[in-house]
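In what follows, a structure is listed as structure tokens, so that the remarks can point back to it.
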Amino acid sequence: MKKLVIVFAAAVLAAGTSANAQGLSGLLKNVTGSNNAANTVTSLVRAYTGITDAVSLPGTWTYASPAVSLEGSGVVANVAGTTAASGIEEKMAGYLSKVGIKAGALTFVFNEDLTFTCTVKNVPLNGTWKTLNDGKSVQLQFGKTMKFLSMTGALVSSAEGCDMLFEASKFLTFMKSALSAAGSASSTVGAIGSLASNYDGMKMGFSLSKKK
């Protein structure tokens, strides 16, 4: 299936299409019945065309899986980068699951008054938020529990919700503090950090689905 997805995406990109990535991923989902296939094509099209949609944050968002982005130039580099990112995401998912960070174990609730609560393994971490770049990025300012950590991440719409992606160093700092607050060993952060050390410009974060 991965080979089919890459060939399909490459054919679309080679044709120079500027079709909306969200619509394309929906089409592939209907054909294959696979969210993974749809999201892979969405990532490839966005990498080549730069197309993405603004994300409306107010509401409840639930962690589905890790998300990774690798910078690249040119369609060949972007296809290769997307394939590599997929492998890193799988490894991250394995590391995080060992400390209880599985689908549904982490949530973000963004309130209209620009406060938010990030709950990690039933431990609430509060702060304030604001969107930047016309809703395509978000700035999170945590409170005392997270040592007033501030981090800005890209928001990338996906078939099921959005990916929230941060610079790798900021993401690792967040995970170390969050796992500590939740009473989990932070050695997992070191393992994830070793993945990031092999690439320049890596972004790490979460694939989130929005409660309807």
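Labeling convention for the structure tokens: chains A, B, ... as they appear, residues from 1 per chain, ligands from 1 in order of appearance.
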Using only C-alpha atoms, which protein or nucleic acid residues come within 6 Å of Lys210 in chain A? Drop anything in the same chain fewer than 3 positions from it, and give the result as a ChimeraX atom specification. /A:60-61,161
Could you produce a table of the residues of range 109-129 of chain A lying within 12 Å of range 166-176 of chain A, with the nearest pair of atoms per residue and their separation in Å rounded to one decimal, using only C-alpha atoms, ordered by chain and increasing residue number, as CSV?
```
residue,atom,partner,partner_atom,distance
A:Cys118,CA,A:Phe174,CA,11.1
A:Val120,CA,A:Met175,CA,9.7
A:Leu125,CA,A:Phe174,CA,10.9
```
Output the selection as a tab-separated table (two decimals), in the first residue's frame - C-alpha atoms for each residue.
```tsv
chain	number	residue	atom	x	y	z
A	118	CYS	CA	-3.35	19.96	28.33
A	120	VAL	CA	-1.36	14.09	30.18
A	125	LEU	CA	-1.35	21.31	32.73
```
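Distances from A:Thr152, A:Ser184, A:Thr131, A:Thr117 to Leu57 in chain A were compared using only C-alpha atoms, and the smallest one belongs to A:Thr131.
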Spatial neighbours of range 194-199 of chain A, 10 Å, only C-alpha atoms, chain gap at least 2 places, as a PyMOL selection string: chain A and resi 68+70-71+88-89+91-92+167-169+172+189-192+201-204
Since we have the selection now, will you write its residues out, keeping C-alpha atoms, as a PDB file, in the first residue's frame?
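Produced file part_4.pdb, reproduced below:
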```pdb
ATOM      1  CA  VAL A  68       6.980  14.461  12.499  1.00  0.00           C
ATOM      2  CA  LEU A  70      11.324  16.964   7.934  1.00  0.00           C
ATOM      3  CA  GLU A  71      12.343  19.953   5.839  1.00  0.00           C
ATOM      4  CA  ILE A  88      10.299   8.051  12.885  1.00  0.00           C
ATOM      5  CA  GLU A  89       6.661   8.457  13.897  1.00  0.00           C
ATOM      6  CA  LYS A  91       9.400   4.571  16.540  1.00  0.00           C
ATOM      7  CA  MET A  92       8.127   7.523  18.582  1.00  0.00           C
ATOM      8  CA  GLU A 167      10.910  22.476  17.006  1.00  0.00           C
ATOM      9  CA  ALA A 168      12.351  19.179  18.249  1.00  0.00           C
ATOM     10  CA  SER A 169      14.185  20.745  21.209  1.00  0.00           C
ATOM     11  CA  LEU A 172      11.515  17.291  24.017  1.00  0.00           C
ATOM     12  CA  VAL A 189      12.686  11.580  26.059  1.00  0.00           C
ATOM     13  CA  GLY A 190      16.316  10.620  25.520  1.00  0.00           C
ATOM     14  CA  ALA A 191      15.306   7.861  23.138  1.00  0.00           C
ATOM     15  CA  ILE A 192      13.119  10.257  21.150  1.00  0.00           C
ATOM     16  CA  GLY A 201      15.170  21.114  10.999  1.00  0.00           C
ATOM     17  CA  MET A 202      13.062  18.282  12.374  1.00  0.00           C
ATOM     18  CA  LYS A 203       9.732  19.181  13.932  1.00  0.00           C
ATOM     19  CA  MET A 204       7.956  16.855  16.361  1.00  0.00           C
TER      20      MET A 204
END
```
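Using only C-alpha atoms for every distance, the candidate list A:Leu155, A:Leu106, A:Leu149, A:Val55 yields A:Leu149 as the residue closest to Gly127 in chain A.
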So which residues of range 91-187 of chain A fall under alpha helix (DSSP H) by DSSP, listed as a VMD selection string? chain A and resid 91 to 98 168 to 181 187
How many Å separate CA of Met146 in chain A from CA of Phe108 in chain A? 14.9 Å
